[in-house]
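Shown next: query-v2.cif, given as mmCIF, C-alpha atoms and all ligand atoms.
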data_work
#
loop_
_atom_site.label_atom_id
_atom_site.label_comp_id
_atom_site.auth_asym_id
_atom_site.auth_seq_id
_atom_site.Cartn_x
_atom_site.Cartn_y
_atom_site.Cartn_z
CA MET A 119 37.62 -30.10 -52.39
CA GLN A 120 36.37 -33.53 -51.54
CA ILE A 121 33.71 -36.05 -52.41
CA TYR A 122 32.01 -38.01 -49.68
CA VAL A 123 32.15 -41.60 -50.87
CA PRO A 124 29.35 -43.08 -48.68
CA GLU A 125 26.91 -40.71 -50.39
CA LEU A 126 27.86 -42.23 -53.73
CA LYS A 127 27.64 -45.71 -52.26
CA GLN A 128 24.01 -45.09 -51.36
CA LYS A 129 23.25 -44.03 -54.91
CA GLN A 130 25.28 -46.88 -56.42
CA GLY A 131 25.75 -46.26 -60.14
CA GLU A 132 23.96 -42.95 -60.15
CA ALA A 133 25.84 -39.81 -61.20
CA VAL A 134 26.06 -37.04 -58.61
CA GLY A 135 27.07 -33.51 -59.53
CA TYR A 136 29.51 -31.38 -57.57
CA CYS A 137 30.80 -27.88 -58.01
CA PHE A 138 33.78 -26.40 -56.23
CA GLU A 139 35.17 -22.92 -56.42
CA GLU A 140 38.49 -22.10 -54.81
CA ASP A 141 41.00 -19.37 -54.42
CA LEU A 142 44.29 -20.78 -55.70
CA ALA A 143 46.65 -18.83 -53.47
CA SER A 144 45.08 -20.17 -50.29
CA LYS A 145 44.59 -23.69 -51.62
CA LEU A 146 47.63 -24.67 -53.63
CA SER A 147 51.10 -23.53 -52.62
CA GLU A 148 52.39 -23.45 -56.22
CA PHE A 149 50.28 -20.45 -57.09
CA PRO A 150 51.18 -17.82 -54.49
CA GLU A 151 50.43 -15.08 -57.01
CA GLY A 152 46.81 -16.09 -56.97
CA GLY A 153 44.12 -17.20 -59.33
CA ARG A 154 40.84 -19.01 -59.15
CA LEU A 155 39.53 -22.38 -60.12
CA LYS A 156 36.11 -23.85 -60.69
CA LEU A 157 35.68 -27.57 -60.71
CA PHE A 158 32.51 -29.10 -62.13
CA ILE A 159 32.31 -32.79 -61.45
CA SER A 160 30.01 -35.67 -62.12
CA ALA A 161 30.83 -38.72 -60.01
CA SER A 162 29.39 -42.18 -59.78
CA LEU A 163 30.38 -45.33 -57.99
CA ASN A 164 30.19 -48.76 -59.57
CA GLY A 165 31.43 -51.41 -57.19
CA ASP A 166 34.84 -50.13 -56.12
CA GLN A 167 35.30 -48.00 -59.23
CA LEU A 168 34.67 -44.33 -58.69
CA LEU A 169 34.19 -42.68 -62.05
CA VAL A 170 34.81 -38.96 -62.08
CA ASN A 171 34.53 -36.67 -65.03
CA GLY A 172 34.20 -32.97 -65.36
CA THR A 173 35.66 -29.64 -66.28
CA LEU A 174 38.28 -27.58 -64.55
CA GLU A 175 38.45 -23.92 -65.44
CA GLY A 176 39.96 -20.81 -63.99
CA PHE A 177 43.00 -18.62 -64.21
CA THR A 178 46.40 -18.24 -62.63
CA ALA A 179 48.45 -15.11 -62.24
CA ALA A 180 51.28 -15.30 -64.76
CA SER A 181 53.87 -13.02 -66.23
CA CYS A 182 54.18 -12.67 -69.98
CA SER A 183 57.31 -14.32 -71.38
CA ARG A 184 57.65 -11.52 -73.96
CA CYS A 185 56.87 -8.28 -72.13
CA LEU A 186 57.09 -9.53 -68.50
CA GLU A 187 53.75 -7.90 -67.61
CA ASN A 188 51.52 -9.76 -65.17
CA PHE A 189 48.28 -11.07 -66.59
CA GLU A 190 45.64 -13.70 -65.93
CA GLN A 191 46.36 -16.93 -67.75
CA HIS A 192 43.06 -18.70 -68.31
CA PHE A 193 42.70 -22.43 -68.61
CA THR A 194 39.93 -24.91 -69.28
CA THR A 195 40.51 -28.59 -69.22
CA GLU A 196 38.24 -31.61 -69.28
CA PHE A 197 39.03 -34.84 -67.52
CA THR A 198 37.82 -38.36 -66.93
CA GLU A 199 39.33 -40.52 -64.24
CA ILE A 200 38.61 -43.75 -62.47
CA PHE A 201 39.60 -43.94 -58.81
CA THR A 202 39.64 -47.25 -57.01
CA VAL A 203 37.99 -47.29 -53.61
CA LEU A 204 40.13 -49.42 -51.32
CA LYS A 205 38.41 -51.51 -48.71
CA ASN A 206 39.31 -50.66 -45.15
CA ALA A 207 42.27 -52.91 -44.61
CA PRO A 208 42.64 -55.06 -41.49
CA VAL A 209 45.49 -54.01 -39.21
CA GLU A 210 48.00 -56.64 -40.27
CA SER A 211 47.87 -55.69 -43.95
CA ASN A 212 48.19 -51.95 -43.36
CA ARG A 213 51.67 -51.88 -44.79
CA LEU A 214 50.46 -53.45 -47.99
CA SER A 215 47.64 -50.96 -48.43
CA GLU A 216 50.00 -48.06 -47.77
CA SER A 217 52.35 -49.25 -50.47
CA LEU A 218 49.42 -49.68 -52.81
CA GLU A 219 48.43 -46.10 -52.18
CA THR A 220 51.87 -44.74 -52.91
CA ALA A 221 52.09 -46.82 -56.06
CA ASN A 222 48.71 -45.69 -57.26
CA LEU A 223 47.57 -42.18 -56.43
CA LEU A 224 44.26 -42.86 -58.11
CA SER A 225 42.89 -44.67 -55.13
CA VAL A 226 40.63 -43.70 -52.28
CA SER A 227 40.97 -45.00 -48.76
CA GLY A 228 38.56 -43.80 -46.16
CA ASP A 229 35.35 -41.91 -46.77
CA TYR A 230 36.63 -39.01 -48.82
CA LEU A 231 38.06 -38.59 -52.27
CA TYR A 232 40.30 -35.53 -51.93
CA LEU A 233 40.65 -33.60 -55.13
CA ASP A 234 43.19 -30.89 -54.30
CA GLU A 235 46.20 -32.83 -55.52
CA TYR A 236 44.41 -34.03 -58.61
CA ALA A 237 43.28 -30.48 -59.47
CA ARG A 238 46.81 -29.18 -58.88
CA GLN A 239 48.21 -31.64 -61.40
CA LEU A 240 45.55 -30.68 -63.95
CA ILE A 241 46.36 -27.01 -63.56
CA VAL A 242 50.10 -27.60 -63.86
CA LEU A 243 49.50 -29.57 -67.06
CA ALA A 244 47.25 -26.82 -68.42
CA GLN A 245 49.90 -24.14 -67.89
CA GLU A 246 51.68 -22.73 -70.90
CA TYR A 247 55.43 -23.19 -70.75
CA LYS A 248 55.98 -19.71 -72.14
CA PRO A 249 52.77 -17.77 -71.51
CA ILE A 250 52.09 -14.64 -73.52
CA CYS A 251 49.64 -11.93 -72.47
CA THR A 252 48.10 -11.65 -75.95
CA PRO A 253 49.08 -13.28 -79.25
CA GLU A 254 49.87 -9.78 -80.53
CA CYS A 255 52.27 -8.93 -77.70
CA LYS A 256 55.26 -7.09 -79.14
CA GLY A 257 57.49 -7.84 -76.17
CA LEU A 258 60.46 -5.83 -74.99
CA CYS A 259 62.93 -4.09 -77.26
CA TYR A 260 66.22 -5.99 -77.50
CA GLY A 261 68.02 -2.68 -77.74
CA CYS A 262 66.67 -0.61 -74.85
CA GLY A 263 64.34 -2.92 -72.94
CA GLU A 264 61.26 -0.71 -73.41
CA ASP A 265 57.87 -2.40 -73.53
CA LEU A 266 56.98 -2.08 -77.21
CA ASN A 267 53.26 -2.50 -76.43
CA LYS A 268 53.37 0.82 -74.58
CA THR A 269 56.00 2.91 -76.33
CA CYS A 270 57.77 3.20 -79.61
CA CYS A 271 61.44 3.35 -78.79
CA ARG A 272 64.08 4.94 -80.96
CA CYS A 273 65.95 1.70 -81.63
CA SER A 274 63.72 0.78 -84.56
CA SER A 275 64.57 4.03 -86.33
CA GLU A 276 68.28 3.50 -85.89
CA THR A 277 69.15 1.36 -88.84
CA GLU A 278 72.74 0.71 -87.87
CA ASN A 279 72.27 -3.00 -87.26
CA ILE A 280 70.27 -3.53 -90.42
CA ASP A 281 72.87 -1.67 -92.46
CA LEU A 282 75.55 -3.98 -91.16
CA ARG A 283 73.54 -6.99 -92.17
CA LEU A 284 72.83 -5.57 -95.60
CA LEU A 285 76.52 -4.93 -96.05
CA LYS A 286 77.24 -8.56 -95.24
CA LEU A 287 74.62 -9.64 -97.78
CA LYS A 288 76.15 -7.45 -100.43
CA GLU A 289 79.55 -8.94 -99.72
CA LEU A 290 78.10 -12.41 -100.13
CA GLU A 291 76.40 -11.48 -103.40
CA LEU A 292 79.57 -9.94 -104.72
CA GLY A 293 81.42 -13.09 -103.77
CA LYS A 294 78.90 -15.14 -105.74
CA THR A 295 79.07 -13.10 -108.91
CA VAL A 296 82.87 -13.02 -108.98
ZN ZN B 301 53.15 -9.54 -73.23
ZN ZN B 302 64.47 0.11 -78.12
#

Could I get this file's structure written as structure tokens?
Amino acid sequence: MQIYVPELKQKQGEAVGYCFEEDLASKLSEFPEGGRLKLFISASLNGDQLLVNGTLEGFTAASCSRCLENFEQHFTTEFTEIFTVLKNAPVESNRLSESLETANLLSVSGDYLYLDEYARQLIVLAQEYKPICTPECKGLCYGCGEDLNKTCCRCSSETENIDLRLLKLKELELGKTV
């Protein structure tokens, strides 16, 4: 995913639209399980300021933090960013321009603005820390480990644990009244 800067230079100030569609597994090493992304971008160059805004949407393969089933975690995120186009530095100041680049990732040297790393960061930020397959997911039974979305296990009918807790409550209440 890249934007050819000289094209924007020719249309100085004018917004140019781009659309990228990528397979995540082949593009970004963090998502070996797969997924897809679509990147819609509008870019324009004003002087050395490359203004980029757009929408990133897609899904990653995730596993539910409650029931551990694999599902597609969808994301949509909007962004606006200004990249600075660095002038081709003369040989003697190469070291300076390199250090500038490391200090500021939002810069472009050369003819292309590469968007893979930027998109990767957006996707990572859009990820849920504890993804769930659906808001209604019942998760796994603490007692037997069965997926409660698929089966009703017997644990819920065994009231042993609840009885114990009730007993404790009764003890407390008795303690209060005495
Ligand atoms: Zn789930
Ligand atoms: Zn159970």

Spatial neighbours of region 188-196 of chain A, 7 Å, all atoms listed in the file, chain gap at least 3 places, as a tab-separated table (two decimals) with C-alpha atoms, keeping the file's coordinate frame:
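Output file around_24.tsv follows:
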chain	number	residue	atom	x	y	z
A	172	GLY	CA	34.20	-32.97	-65.36
A	173	THR	CA	35.66	-29.64	-66.28
A	174	LEU	CA	38.28	-27.58	-64.55
A	175	GLU	CA	38.45	-23.92	-65.44
A	176	GLY	CA	39.96	-20.81	-63.99
A	177	PHE	CA	43.00	-18.62	-64.21
A	178	THR	CA	46.40	-18.24	-62.63
A	179	ALA	CA	48.45	-15.11	-62.24
A	180	ALA	CA	51.28	-15.30	-64.76
A	181	SER	CA	53.87	-13.02	-66.23
A	182	CYS	CA	54.18	-12.67	-69.98
A	244	ALA	CA	47.25	-26.82	-68.42
A	251	CYS	CA	49.64	-11.93	-72.47

Q: Please extract the residues at most 12 Å from ligand ZN 302 (chain B), counting all atoms listed in the file, and provide them as a VMD selection string, using the chain letters and residue numbers of this document.
A: chain A and resid 256 to 277

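Pairwise distance (CA of Tyr122 (chain A), CA of Leu231 (chain A)) equals 6.6 Å.
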
Around all of region 135-153 of chain A's listed atoms, make the axis-aligned box with 5 Å on each side and tell me centre and edge lengths in Å to one decimal, as AutoDock Vina command-line options.
--center_x 39.7 --center_y -24.3 --center_z -54.9 --size_x 35.3 --size_y 28.4 --size_z 19.2

Q.
Please compute the CA of Gly165 (chain A)-CA of Ser225 (chain A) distance, one decimal, in Å.
A. 13.5 Å

With C-alpha atoms retained, output region 141-250 of chain A as a PDB file, in the first residue's frame.
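Output file selection.pdb follows:
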ATOM      1  CA  ASP A 141      -5.129  -9.833   2.775  1.00  0.00           C
ATOM      2  CA  LEU A 142      -3.801  -9.380   6.300  1.00  0.00           C
ATOM      3  CA  ALA A 143      -2.011 -12.694   6.662  1.00  0.00           C
ATOM      4  CA  SER A 144       0.218 -12.046   3.666  1.00  0.00           C
ATOM      5  CA  LYS A 145       0.739  -8.365   4.429  1.00  0.00           C
ATOM      6  CA  LEU A 146       1.205  -7.953   8.153  1.00  0.00           C
ATOM      7  CA  SER A 147       3.038 -10.563  10.205  1.00  0.00           C
ATOM      8  CA  GLU A 148       0.991  -9.876  13.359  1.00  0.00           C
ATOM      9  CA  PHE A 149      -2.115 -11.396  11.880  1.00  0.00           C
ATOM     10  CA  PRO A 150      -1.087 -14.888  10.781  1.00  0.00           C
ATOM     11  CA  GLU A 151      -4.628 -16.125  11.381  1.00  0.00           C
ATOM     12  CA  GLY A 152      -5.829 -13.937   8.574  1.00  0.00           C
ATOM     13  CA  GLY A 153      -8.287 -11.179   7.943  1.00  0.00           C
ATOM     14  CA  ARG A 154      -8.829  -8.471   5.415  1.00  0.00           C
ATOM     15  CA  LEU A 155      -8.512  -4.737   5.304  1.00  0.00           C
ATOM     16  CA  LYS A 156      -9.835  -2.015   3.061  1.00  0.00           C
ATOM     17  CA  LEU A 157      -8.234   1.370   3.120  1.00  0.00           C
ATOM     18  CA  PHE A 158     -10.034   4.346   1.594  1.00  0.00           C
ATOM     19  CA  ILE A 159      -7.822   7.378   1.416  1.00  0.00           C
ATOM     20  CA  SER A 160      -7.991  10.937   0.277  1.00  0.00           C
ATOM     21  CA  ALA A 161      -4.566  12.554   0.012  1.00  0.00           C
ATOM     22  CA  SER A 162      -3.384  15.998  -0.916  1.00  0.00           C
ATOM     23  CA  LEU A 163      -0.060  17.753  -0.859  1.00  0.00           C
ATOM     24  CA  ASN A 164       0.379  21.326   0.291  1.00  0.00           C
ATOM     25  CA  GLY A 165       4.004  22.353   0.144  1.00  0.00           C
ATOM     26  CA  ASP A 166       5.786  19.621   2.096  1.00  0.00           C
ATOM     27  CA  GLN A 167       2.698  18.672   4.085  1.00  0.00           C
ATOM     28  CA  LEU A 168       0.988  15.543   2.877  1.00  0.00           C
ATOM     29  CA  LEU A 169      -2.500  15.443   4.315  1.00  0.00           C
ATOM     30  CA  VAL A 170      -4.057  12.004   4.436  1.00  0.00           C
ATOM     31  CA  ASN A 171      -7.465  11.136   5.723  1.00  0.00           C
ATOM     32  CA  GLY A 172      -9.678   8.175   5.267  1.00  0.00           C
ATOM     33  CA  THR A 173     -11.286   5.069   6.623  1.00  0.00           C
ATOM     34  CA  LEU A 174      -9.786   1.733   7.478  1.00  0.00           C
ATOM     35  CA  GLU A 175     -12.145  -1.196   7.754  1.00  0.00           C
ATOM     36  CA  GLY A 176     -11.896  -4.933   7.775  1.00  0.00           C
ATOM     37  CA  PHE A 177     -11.681  -7.868  10.098  1.00  0.00           C
ATOM     38  CA  THR A 178      -9.093  -9.990  11.830  1.00  0.00           C
ATOM     39  CA  ALA A 179      -9.373 -13.587  12.910  1.00  0.00           C
ATOM     40  CA  ALA A 180      -9.755 -13.598  16.686  1.00  0.00           C
ATOM     41  CA  SER A 181     -10.716 -16.024  19.382  1.00  0.00           C
ATOM     42  CA  CYS A 182     -13.472 -15.158  21.823  1.00  0.00           C
ATOM     43  CA  SER A 183     -12.193 -14.406  25.319  1.00  0.00           C
ATOM     44  CA  ARG A 184     -15.278 -16.067  26.829  1.00  0.00           C
ATOM     45  CA  CYS A 185     -15.912 -19.212  24.780  1.00  0.00           C
ATOM     46  CA  LEU A 186     -12.549 -19.443  22.934  1.00  0.00           C
ATOM     47  CA  GLU A 187     -14.297 -19.935  19.570  1.00  0.00           C
ATOM     48  CA  ASN A 188     -12.666 -18.341  16.539  1.00  0.00           C
ATOM     49  CA  PHE A 189     -14.603 -15.534  14.930  1.00  0.00           C
ATOM     50  CA  GLU A 190     -14.090 -12.507  12.703  1.00  0.00           C
ATOM     51  CA  GLN A 191     -13.489  -9.363  14.701  1.00  0.00           C
ATOM     52  CA  HIS A 192     -14.605  -6.417  12.586  1.00  0.00           C
ATOM     53  CA  PHE A 193     -13.162  -2.964  12.867  1.00  0.00           C
ATOM     54  CA  THR A 194     -13.755   0.434  11.316  1.00  0.00           C
ATOM     55  CA  THR A 195     -11.629   3.384  12.128  1.00  0.00           C
ATOM     56  CA  GLU A 196     -11.270   6.847  10.676  1.00  0.00           C
ATOM     57  CA  PHE A 197      -8.031   8.749  10.598  1.00  0.00           C
ATOM     58  CA  THR A 198      -6.450  12.035   9.648  1.00  0.00           C
ATOM     59  CA  GLU A 199      -2.708  12.425   9.492  1.00  0.00           C
ATOM     60  CA  ILE A 200      -0.173  14.884   8.199  1.00  0.00           C
ATOM     61  CA  PHE A 201       3.055  13.436   6.841  1.00  0.00           C
ATOM     62  CA  THR A 202       6.012  15.665   6.148  1.00  0.00           C
ATOM     63  CA  VAL A 203       7.721  15.145   2.828  1.00  0.00           C
ATOM     64  CA  LEU A 204      11.461  15.420   3.391  1.00  0.00           C
ATOM     65  CA  LYS A 205      13.567  16.971   0.693  1.00  0.00           C
ATOM     66  CA  ASN A 206      16.178  14.689  -0.784  1.00  0.00           C
ATOM     67  CA  ALA A 207      19.089  15.363   1.489  1.00  0.00           C
ATOM     68  CA  PRO A 208      22.594  16.021   0.161  1.00  0.00           C
ATOM     69  CA  VAL A 209      25.098  13.282   0.969  1.00  0.00           C
ATOM     70  CA  GLU A 210      26.813  14.996   3.883  1.00  0.00           C
ATOM     71  CA  SER A 211      23.605  15.479   5.861  1.00  0.00           C
ATOM     72  CA  ASN A 212      22.345  11.925   5.370  1.00  0.00           C
ATOM     73  CA  ARG A 213      22.936  11.075   8.987  1.00  0.00           C
ATOM     74  CA  LEU A 214      20.793  13.973  10.087  1.00  0.00           C
ATOM     75  CA  SER A 215      17.905  13.002   7.832  1.00  0.00           C
ATOM     76  CA  GLU A 216      18.096   9.401   9.025  1.00  0.00           C
ATOM     77  CA  SER A 217      17.831  10.486  12.625  1.00  0.00           C
ATOM     78  CA  LEU A 218      14.938  12.741  11.726  1.00  0.00           C
ATOM     79  CA  GLU A 219      13.166   9.785  10.183  1.00  0.00           C
ATOM     80  CA  THR A 220      13.605   7.594  13.222  1.00  0.00           C
ATOM     81  CA  ALA A 221      12.440  10.393  15.481  1.00  0.00           C
ATOM     82  CA  ASN A 222       9.392  11.070  13.379  1.00  0.00           C
ATOM     83  CA  LEU A 223       7.735   8.169  11.599  1.00  0.00           C
ATOM     84  CA  LEU A 224       5.266  10.552  10.027  1.00  0.00           C
ATOM     85  CA  SER A 225       7.667  11.599   7.357  1.00  0.00           C
ATOM     86  CA  VAL A 226       8.194  10.614   3.767  1.00  0.00           C
ATOM     87  CA  SER A 227      11.557  10.417   2.084  1.00  0.00           C
ATOM     88  CA  GLY A 228      11.715   9.371  -1.506  1.00  0.00           C
ATOM     89  CA  ASP A 229       8.817   9.130  -3.906  1.00  0.00           C
ATOM     90  CA  TYR A 230       6.501   6.857  -1.974  1.00  0.00           C
ATOM     91  CA  LEU A 231       4.462   7.140   1.173  1.00  0.00           C
ATOM     92  CA  TYR A 232       4.281   3.548   2.436  1.00  0.00           C
ATOM     93  CA  LEU A 233       1.171   2.851   4.407  1.00  0.00           C
ATOM     94  CA  ASP A 234       1.649  -0.716   5.660  1.00  0.00           C
ATOM     95  CA  GLU A 235       3.157   0.272   8.989  1.00  0.00           C
ATOM     96  CA  TYR A 236       0.630   3.025   9.522  1.00  0.00           C
ATOM     97  CA  ALA A 237      -2.270   0.665   8.757  1.00  0.00           C
ATOM     98  CA  ARG A 238      -0.791  -1.961  11.087  1.00  0.00           C
ATOM     99  CA  GLN A 239      -0.760   0.515  13.956  1.00  0.00           C
ATOM    100  CA  LEU A 240      -4.355   1.536  13.246  1.00  0.00           C
ATOM    101  CA  ILE A 241      -5.491  -2.073  13.280  1.00  0.00           C
ATOM    102  CA  VAL A 242      -3.631  -2.840  16.499  1.00  0.00           C
ATOM    103  CA  LEU A 243      -5.288   0.180  18.130  1.00  0.00           C
ATOM    104  CA  ALA A 244      -8.700  -0.902  16.851  1.00  0.00           C
ATOM    105  CA  GLN A 245      -8.363  -4.377  18.363  1.00  0.00           C
ATOM    106  CA  GLU A 246     -10.397  -5.220  21.429  1.00  0.00           C
ATOM    107  CA  TYR A 247      -8.274  -6.253  24.380  1.00  0.00           C
ATOM    108  CA  LYS A 248     -10.730  -8.994  25.279  1.00  0.00           C
ATOM    109  CA  PRO A 249     -12.752  -9.708  22.139  1.00  0.00           C
ATOM    110  CA  ILE A 250     -16.090 -11.477  22.457  1.00  0.00           C
TER     111      ILE A 250
END
